[in-house]
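Asker: mmCIF, C-alpha atoms and all ligand atoms, file upload.cif:
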data_upload
#
loop_
_atom_site.group_PDB
_atom_site.id
_atom_site.type_symbol
_atom_site.label_atom_id
_atom_site.label_comp_id
_atom_site.auth_asym_id
_atom_site.auth_seq_id
_atom_site.Cartn_x
_atom_site.Cartn_y
_atom_site.Cartn_z
ATOM 1 C CA MET A 958 -24.217 33.457 3.356
ATOM 2 C CA LYS A 959 -24.776 30.786 6.004
ATOM 3 C CA GLN A 960 -22.877 31.604 9.182
ATOM 4 C CA PRO A 961 -20.591 28.844 10.471
ATOM 5 C CA THR A 962 -21.840 27.066 13.592
ATOM 6 C CA LYS A 963 -19.472 27.789 16.399
ATOM 7 C CA HIS A 964 -18.424 24.543 18.000
ATOM 8 C CA VAL A 965 -16.417 25.209 21.098
ATOM 9 C CA PHE A 966 -14.054 22.490 22.225
ATOM 10 C CA SER A 967 -12.374 22.943 25.567
ATOM 11 C CA TYR A 968 -9.242 21.466 24.010
ATOM 12 C CA ASN A 969 -7.315 21.560 20.753
ATOM 13 C CA ILE A 970 -7.580 19.099 17.893
ATOM 14 C CA PHE A 971 -4.279 17.952 16.421
ATOM 15 C CA LEU A 972 -4.565 16.352 12.991
ATOM 16 C CA ILE A 973 -1.730 13.953 12.284
ATOM 17 C CA GLY A 974 -1.037 11.623 9.387
ATOM 18 C CA PHE A 975 1.147 10.987 6.393
ATOM 19 C CA MET A 976 1.749 13.712 3.803
ATOM 20 C CA GLY A 977 -1.393 14.000 1.690
ATOM 21 C CA SER A 978 -3.652 12.340 4.262
ATOM 22 C CA GLY A 979 -5.939 15.392 4.175
ATOM 23 C CA LYS A 980 -4.872 17.288 7.318
ATOM 24 C CA SER A 981 -4.925 20.718 5.651
ATOM 25 C CA ALA A 982 -8.199 20.097 3.813
ATOM 26 C CA ILE A 983 -9.894 18.948 7.017
ATOM 27 C CA SER A 984 -8.539 21.786 9.124
ATOM 28 C CA ASP A 985 -9.743 24.266 6.448
ATOM 29 C CA TYR A 986 -13.188 22.703 6.540
ATOM 30 C CA LEU A 987 -13.407 22.689 10.332
ATOM 31 C CA SER A 988 -12.331 26.298 10.536
ATOM 32 C CA GLU A 989 -14.828 27.367 7.831
ATOM 33 C CA HIS A 990 -17.812 25.361 9.023
ATOM 34 C CA TYR A 991 -17.319 25.270 12.772
ATOM 35 C CA ALA A 992 -15.652 28.666 13.186
ATOM 36 C CA MET A 993 -12.588 27.145 14.798
ATOM 37 C CA GLU A 994 -9.223 28.861 14.773
ATOM 38 C CA LYS A 995 -6.813 26.985 12.513
ATOM 39 C CA ILE A 996 -3.059 26.601 12.655
ATOM 40 C CA GLU A 997 -1.266 25.049 9.727
ATOM 41 C CA MET A 998 2.158 24.190 11.151
ATOM 42 C CA ASP A 999 4.023 24.070 7.829
ATOM 43 C CA ASP A 1000 2.556 27.410 6.688
ATOM 44 C CA GLN A 1001 3.308 29.064 10.011
ATOM 45 C CA ILE A 1002 6.912 27.811 9.958
ATOM 46 C CA ALA A 1003 7.430 28.768 6.292
ATOM 47 C CA HIS A 1004 5.972 32.221 6.942
ATOM 48 C CA ARG A 1005 8.210 32.862 9.940
ATOM 49 C CA GLU A 1006 11.339 31.643 8.176
ATOM 50 C CA GLY A 1007 10.465 33.539 5.001
ATOM 51 C CA MET A 1008 11.032 30.448 2.858
ATOM 52 C CA SER A 1009 9.288 27.337 1.671
ATOM 53 C CA ILE A 1010 9.578 24.027 3.557
ATOM 54 C CA SER A 1011 11.852 22.688 0.807
ATOM 55 C CA GLU A 1012 14.098 25.741 1.118
ATOM 56 C CA ILE A 1013 14.264 25.306 4.911
ATOM 57 C CA PHE A 1014 15.361 21.678 4.441
ATOM 58 C CA ASP A 1015 17.932 22.669 1.796
ATOM 59 C CA THR A 1016 19.311 25.643 3.720
ATOM 60 C CA HIS A 1017 19.272 24.454 7.325
ATOM 61 C CA GLY A 1018 18.617 20.707 7.204
ATOM 62 C CA GLU A 1019 15.831 18.539 8.546
ATOM 63 C CA GLU A 1020 16.850 18.713 12.225
ATOM 64 C CA TYR A 1021 16.464 22.510 12.189
ATOM 65 C CA PHE A 1022 12.967 22.146 10.747
ATOM 66 C CA ARG A 1023 12.069 19.485 13.355
ATOM 67 C CA ASN A 1024 13.184 21.835 16.141
ATOM 68 C CA LEU A 1025 10.930 24.566 14.732
ATOM 69 C CA GLU A 1026 8.014 22.118 14.817
ATOM 70 C CA THR A 1027 8.724 21.280 18.461
ATOM 71 C CA GLY A 1028 9.010 24.978 19.360
ATOM 72 C CA LEU A 1029 5.728 25.792 17.661
ATOM 73 C CA LEU A 1030 3.876 23.046 19.535
ATOM 74 C CA ILE A 1031 5.165 24.419 22.830
ATOM 75 C CA GLU A 1032 3.839 27.868 21.882
ATOM 76 C CA LEU A 1033 0.338 26.393 21.469
ATOM 77 C CA GLU A 1034 0.228 25.377 25.110
ATOM 78 C CA ASP A 1035 -2.148 28.165 26.155
ATOM 79 C CA LYS A 1036 -4.614 27.707 23.315
ATOM 80 C CA LYS A 1037 -7.860 25.811 23.093
ATOM 81 C CA ASN A 1038 -10.510 25.210 20.428
ATOM 82 C CA VAL A 1039 -7.824 25.379 17.770
ATOM 83 C CA VAL A 1040 -7.506 22.849 14.981
ATOM 84 C CA VAL A 1041 -3.838 22.214 14.265
ATOM 85 C CA SER A 1042 -2.758 20.677 10.997
ATOM 86 C CA CYS A 1043 0.582 19.031 11.856
ATOM 87 C CA GLY A 1044 3.376 18.178 9.466
ATOM 88 C CA GLY A 1045 3.511 14.499 8.517
ATOM 89 C CA GLY A 1046 6.611 13.964 10.643
ATOM 90 C CA THR A 1047 5.501 15.871 13.758
ATOM 91 C CA PRO A 1048 4.449 12.795 15.814
ATOM 92 C CA MET A 1049 7.766 11.032 15.129
ATOM 93 C CA ARG A 1050 9.217 12.813 18.170
ATOM 94 C CA GLU A 1051 7.736 11.451 21.360
ATOM 95 C CA ASN A 1052 8.103 14.760 23.162
ATOM 96 C CA ASN A 1053 5.944 16.348 20.431
ATOM 97 C CA VAL A 1054 3.240 13.777 21.121
ATOM 98 C CA ARG A 1055 3.420 14.453 24.861
ATOM 99 C CA GLN A 1056 3.174 18.172 24.161
ATOM 100 C CA MET A 1057 0.063 17.720 21.954
ATOM 101 C CA LYS A 1058 -1.612 15.519 24.549
ATOM 102 C CA LYS A 1059 -1.167 18.244 27.165
ATOM 103 C CA THR A 1060 -3.682 20.472 25.405
ATOM 104 C CA GLY A 1061 -5.636 18.369 22.969
ATOM 105 C CA LYS A 1062 -6.831 15.263 21.236
ATOM 106 C CA ILE A 1063 -4.826 13.694 18.452
ATOM 107 C CA VAL A 1064 -6.744 12.579 15.383
ATOM 108 C CA TRP A 1065 -4.929 10.360 12.879
ATOM 109 C CA LEU A 1066 -6.110 10.667 9.288
ATOM 110 C CA THR A 1067 -5.204 7.639 7.206
ATOM 111 C CA ALA A 1068 -5.161 7.003 3.458
ATOM 112 C CA ASP A 1069 -3.808 4.240 1.240
ATOM 113 C CA PRO A 1070 -0.479 4.820 -0.555
ATOM 114 C CA GLU A 1071 -2.345 5.046 -3.897
ATOM 115 C CA THR A 1072 -4.609 7.786 -2.547
ATOM 116 C CA ILE A 1073 -1.593 9.598 -1.081
ATOM 117 C CA TYR A 1074 0.253 9.374 -4.374
ATOM 118 C CA LYS A 1075 -2.687 10.941 -6.241
ATOM 119 C CA ARG A 1076 -2.845 13.778 -3.721
ATOM 120 C CA VAL A 1077 0.894 14.594 -3.637
ATOM 121 C CA LYS A 1078 1.982 13.895 -7.203
ATOM 122 C CA ASP A 1079 1.797 17.543 -8.297
ATOM 123 C CA SER A 1080 3.352 19.035 -5.157
ATOM 124 C CA ASP A 1081 6.913 20.361 -5.231
ATOM 125 C CA ASP A 1082 7.118 21.301 -1.574
ATOM 126 C CA ARG A 1083 7.569 17.891 0.038
ATOM 127 C CA PRO A 1084 11.339 17.487 0.387
ATOM 128 C CA LEU A 1085 11.088 13.940 1.760
ATOM 129 C CA LEU A 1086 9.391 12.781 -1.445
ATOM 130 C CA LYS A 1087 11.834 14.508 -3.781
ATOM 131 C CA GLY A 1088 12.974 11.874 -6.267
ATOM 132 C CA HIS A 1089 10.766 9.247 -4.576
ATOM 133 C CA LYS A 1090 7.305 10.208 -5.678
ATOM 134 C CA ASN A 1091 5.928 6.706 -6.182
ATOM 135 C CA THR A 1092 3.567 4.396 -4.304
ATOM 136 C CA ALA A 1093 6.314 1.887 -3.379
ATOM 137 C CA TYR A 1094 8.338 4.522 -1.530
ATOM 138 C CA ILE A 1095 5.232 6.083 0.033
ATOM 139 C CA SER A 1096 4.120 2.669 1.224
ATOM 140 C CA GLN A 1097 7.527 1.886 2.729
ATOM 141 C CA LEU A 1098 7.806 5.209 4.594
ATOM 142 C CA MET A 1099 4.215 4.841 5.764
ATOM 143 C CA GLN A 1100 4.927 1.377 7.226
ATOM 144 C CA GLN A 1101 7.984 2.732 8.965
ATOM 145 C CA ARG A 1102 5.962 5.551 10.540
ATOM 146 C CA ARG A 1103 2.764 3.644 11.293
ATOM 147 C CA PRO A 1104 3.717 2.562 14.860
ATOM 148 C CA LYS A 1105 4.325 6.186 15.876
ATOM 149 C CA TYR A 1106 1.047 7.398 14.363
ATOM 150 C CA GLU A 1107 -0.797 4.507 15.995
ATOM 151 C CA ALA A 1108 0.755 5.148 19.397
ATOM 152 C CA ALA A 1109 -0.030 8.874 19.239
ATOM 153 C CA ALA A 1110 -3.636 8.656 18.026
ATOM 154 C CA ASP A 1111 -6.651 9.137 20.278
ATOM 155 C CA LEU A 1112 -8.916 8.669 17.253
ATOM 156 C CA THR A 1113 -8.340 7.304 13.756
ATOM 157 C CA ILE A 1114 -10.294 8.228 10.653
ATOM 158 C CA ALA A 1115 -9.840 6.617 7.229
ATOM 159 C CA THR A 1116 -10.179 9.247 4.502
ATOM 160 C CA ASP A 1117 -10.057 7.172 1.294
ATOM 161 C CA GLY A 1118 -13.012 7.845 -0.982
ATOM 162 C CA LYS A 1119 -14.737 10.171 1.502
ATOM 163 C CA GLU A 1120 -15.786 13.804 1.056
ATOM 164 C CA ARG A 1121 -14.373 16.407 3.434
ATOM 165 C CA ALA A 1122 -17.802 17.013 4.972
ATOM 166 C CA ALA A 1123 -18.250 13.324 5.798
ATOM 167 C CA ILE A 1124 -14.788 13.095 7.353
ATOM 168 C CA CYS A 1125 -15.462 16.162 9.515
ATOM 169 C CA GLU A 1126 -18.849 14.852 10.625
ATOM 170 C CA GLU A 1127 -17.226 11.569 11.608
ATOM 171 C CA LEU A 1128 -14.524 13.434 13.485
ATOM 172 C CA ILE A 1129 -16.951 15.638 15.414
ATOM 173 C CA GLN A 1130 -19.184 12.667 16.175
ATOM 174 C CA LYS A 1131 -16.297 10.554 17.481
ATOM 175 C CA LEU A 1132 -15.001 13.401 19.616
ATOM 176 C CA THR A 1133 -18.472 14.048 21.026
ATOM 177 C CA GLU A 1134 -18.832 10.345 21.903
ATOM 178 C CA TRP A 1135 -15.437 10.410 23.537
ATOM 179 C CA GLU A 1136 -16.433 13.505 25.579
ATOM 180 C CA LYS A 1137 -19.539 11.682 26.868
ATOM 181 C CA GLN A 1138 -17.413 8.810 28.142
ATOM 182 C CA ILE A 1139 -15.253 10.969 30.366
HETATM 183 C C1 LIG B 1 6.852 16.080 6.354
HETATM 184 C C2 LIG B 1 5.605 16.447 5.966
HETATM 185 C C3 LIG B 1 5.306 17.791 5.459
HETATM 186 C C4 LIG B 1 6.317 18.818 5.982
HETATM 187 C C5 LIG B 1 7.700 18.353 5.713
HETATM 188 C C6 LIG B 1 8.013 16.997 6.353
HETATM 189 C C7 LIG B 1 7.062 14.693 6.852
HETATM 190 O O1 LIG B 1 3.989 18.182 5.849
HETATM 191 O O2 LIG B 1 6.125 19.029 7.351
HETATM 192 O O3 LIG B 1 7.859 18.278 4.325
HETATM 193 O O4 LIG B 1 8.084 14.428 7.513
HETATM 194 O O5 LIG B 1 6.173 13.844 6.603
HETATM 195 P P1 LIG B 1 2.638 17.606 5.194
HETATM 196 O O6 LIG B 1 2.317 16.329 5.909
HETATM 197 O O7 LIG B 1 1.636 18.656 5.462
HETATM 198 O O8 LIG B 1 2.903 17.396 3.752
#
Rewrite the coordinates I just gave you, this time as C-alpha cells.

Answerer:
Amino acid sequence: MKQPTKHVFSYNIFLIGFMGSGKSAISDYLSEHYAMEKIEMDDQIAHREGMSISEIFDTHGEEYFRNLETGLLIELEDKKNVVVSCGGGTPMRENNVRQMKKTGKIVWLTADPETIYKRVKDSDDRPLLKGHKNTAYISQLMQQRRPKYEAAADLTIATDGKERAAICEELIQKLTEWEKQI
C-alpha cells in the first residue's frame, strides 16, 4: 500500500463551513493522504459525553454544547499540524474564531444549499435541521451565518461538483502560496 506523504504544517488547519459542506470528508482525506492528525470536533464531543450530538442538544441544550466546543478549541492550543473539522456553528462565536487564529489557518468550505441538502438529507444527527430539512431553510440559515464564516476565513474553497482529492489539492496549494507570501 502506498504510504501517505507526510506534510508538516507548522500550524493547524481549521475547516469551517455549513453542515454538509464536506469538512469531515476533507479532514479524513488529509489525514489519510498527508498523514496529518485529525480532530473531528463533533465526534470528540459526542465520545466524551457518551451521547450523540442530538442527545446532547435534547438533554443539556444548545448553549451547553457550544461551551463544549469552546472548551475543546482551547485544549488544542498546544497542537500543530492537526486538521480540525469544526462543527458548522463553531465560528459563530467570535472568541472561538480568535482561539482558532492563535494556532492555525481557517479554511471555509462552501457549497450551494442544493448540494448541502443532498449531503444531509439522510442524516439524523443534525438537531438544527430537525423538521427543517429543505433547501429553503438551509439557504436562509446559510445567509444568516455567511458574514461570520466570511469574517473568520483565511481561505475559501467551493466544493460543489468537486472530488475530495481536487479540493485537498486546492487547499494545500492555496496554503503553500500563502506561506510563500509571509
Ligand atoms: C451544527 C453543526 C453540526 C453540529 C451541531 C451544530 C451547526 O456539525 O456541530 O449539530 O450549528 O451548524 P456539522 O457541521 O459537522 O454537521

Asker: List the residues selected by the PyMOL selection byres (((chain A and resi 1114) around 8) and not hetatm) in the file shown, writing them as a CSV table (one decimal) with C-alpha atoms, in the frame of the given file.

Answerer:
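What landed in out14.csv:
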chain,number,residue,atom,x,y,z
A,1064,VAL,CA,-6.7,12.6,15.4
A,1065,TRP,CA,-4.9,10.4,12.9
A,1066,LEU,CA,-6.1,10.7,9.3
A,1067,THR,CA,-5.2,7.6,7.2
A,1112,LEU,CA,-8.9,8.7,17.3
A,1113,THR,CA,-8.3,7.3,13.8
A,1115,ALA,CA,-9.8,6.6,7.2
A,1116,THR,CA,-10.2,9.2,4.5
A,1124,ILE,CA,-14.8,13.1,7.4
A,1127,GLU,CA,-17.2,11.6,11.6
A,1128,LEU,CA,-14.5,13.4,13.5

Asker: Residues within 7 Å of ligand LIG 1 (chain B), counting only C-alpha atoms and all ligand atoms: report them as number ranges by chain.

Answerer: A: 974-977, 980-981, 999, 1010-1011, 1043-1047, 1082-1085

Asker: Ranking A:Phe971, A:Ile1129, A:Met1099, A:Arg1076 by minimum distance to Gln1056 of chain A and counting all atoms listed in the file, which one comes first?

Answerer: A:Phe971

Asker: Distance atom CA of Ser1096 of chain A-atom CA of Glu1071 of chain A, one decimal place?

Answerer: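 According to the coordinates, atom CA of Ser1096 of chain A and atom CA of Glu1071 of chain A are separated by 8.6 Å.
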
Asker: The centre and edge lengths of an axis-aligned box containing all atoms of segment 972-976 of chain A present in the file, extended by 5 Å on each side, are to be given in Å to one decimal, as JSON.

Answerer:
{"center_x": -1.4, "center_y": 13.7, "center_z": 8.4, "size_x": 16.3, "size_y": 15.4, "size_z": 19.2}

Asker: Counting all atoms listed in the file, which of A:Lys1075, A:Lys1058, A:Lys1137, A:His1089 gets nearest to Ala1109 of chain A?

Answerer: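 That would be A:Lys1058, the residue with the smallest distance to Ala1109 of chain A.
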
Asker: Might you spell out which residues the PyMOL selection byres (((chain A and resi 1027-1034) around 12) and not hetatm) would select in the displayed file, as a ChimeraX atom specification?

Answerer: /A:968-971,994-1003,1005,1020-1026,1035-1044,1046-1061

Asker: Any chance you could export the current selection's C-alpha atoms as a short mmCIF file (atom, residue, chain, number, x, y, z; two decimals), in the coordinates of the input?

Answerer:
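Final output, selection_27.cif:
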data_model
loop_
_atom_site.label_atom_id
_atom_site.label_comp_id
_atom_site.auth_asym_id
_atom_site.auth_seq_id
_atom_site.Cartn_x
_atom_site.Cartn_y
_atom_site.Cartn_z
CA TYR A 968 -9.24 21.47 24.01
CA ASN A 969 -7.32 21.56 20.75
CA ILE A 970 -7.58 19.10 17.89
CA PHE A 971 -4.28 17.95 16.42
CA GLU A 994 -9.22 28.86 14.77
CA LYS A 995 -6.81 26.98 12.51
CA ILE A 996 -3.06 26.60 12.66
CA GLU A 997 -1.27 25.05 9.73
CA MET A 998 2.16 24.19 11.15
CA ASP A 999 4.02 24.07 7.83
CA ASP A 1000 2.56 27.41 6.69
CA GLN A 1001 3.31 29.06 10.01
CA ILE A 1002 6.91 27.81 9.96
CA ALA A 1003 7.43 28.77 6.29
CA ARG A 1005 8.21 32.86 9.94
CA GLU A 1020 16.85 18.71 12.22
CA TYR A 1021 16.46 22.51 12.19
CA PHE A 1022 12.97 22.15 10.75
CA ARG A 1023 12.07 19.48 13.36
CA ASN A 1024 13.18 21.84 16.14
CA LEU A 1025 10.93 24.57 14.73
CA GLU A 1026 8.01 22.12 14.82
CA ASP A 1035 -2.15 28.16 26.16
CA LYS A 1036 -4.61 27.71 23.32
CA LYS A 1037 -7.86 25.81 23.09
CA ASN A 1038 -10.51 25.21 20.43
CA VAL A 1039 -7.82 25.38 17.77
CA VAL A 1040 -7.51 22.85 14.98
CA VAL A 1041 -3.84 22.21 14.26
CA SER A 1042 -2.76 20.68 11.00
CA CYS A 1043 0.58 19.03 11.86
CA GLY A 1044 3.38 18.18 9.47
CA GLY A 1046 6.61 13.96 10.64
CA THR A 1047 5.50 15.87 13.76
CA PRO A 1048 4.45 12.80 15.81
CA MET A 1049 7.77 11.03 15.13
CA ARG A 1050 9.22 12.81 18.17
CA GLU A 1051 7.74 11.45 21.36
CA ASN A 1052 8.10 14.76 23.16
CA ASN A 1053 5.94 16.35 20.43
CA VAL A 1054 3.24 13.78 21.12
CA ARG A 1055 3.42 14.45 24.86
CA GLN A 1056 3.17 18.17 24.16
CA MET A 1057 0.06 17.72 21.95
CA LYS A 1058 -1.61 15.52 24.55
CA LYS A 1059 -1.17 18.24 27.16
CA THR A 1060 -3.68 20.47 25.40
CA GLY A 1061 -5.64 18.37 22.97
#

Asker: Find, counting all atoms listed in the file, the residue in A:Gln1130, A:Gln1101, A:Thr1092, A:Thr1016 that gets nearest to Lys1078 of chain A.

Answerer: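 Among the listed residues, A:Thr1092 lies closest to Lys1078 of chain A.
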
Asker: Please report the interatomic distance between atom CA of Met993 of chain A and atom CA of Phe966 of chain A in Å with one decimal.

Answerer: 8.9 Å

Asker: Just give me the gap between atom CA of Gly979 of chain A and atom CA of Pro1070 of chain A in Å, one decimal is fine.

Answerer: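 The value is 12.8 Å.
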
Asker: With all atoms listed in the file as the atoms that count, which of A:Ser967, A:Lys1131, A:Ser1009, A:Cys1125 lies nearest to Glu989 of chain A?

Answerer: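 Nearest to Glu989 of chain A: A:Cys1125.
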
Asker: Taking into account all atoms listed in the file, which residue in the set A:Phe1014, A:Gln1138, A:Glu1126, A:Gly1088 is nearest to His990 of chain A?

Answerer: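 When distances to His990 of chain A are compared using all atoms listed in the file, the smallest one comes from A:Glu1126.
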
Asker: Pick the closest to Trp1135 of chain A from A:Lys1105, A:His1017, A:Lys1119, A:Lys1062: which is it, counting only C-alpha atoms?

Answerer: A:Lys1062

Asker: Skipping near chain neighbours, those fewer than 3 positions away, what residues fall within 9 Å of Val1077 of chain A using all atoms listed in the file, listed as a ChimeraX atom specification?

Answerer: /A:976-977,1072-1074,1080-1081,1083,1086,1090
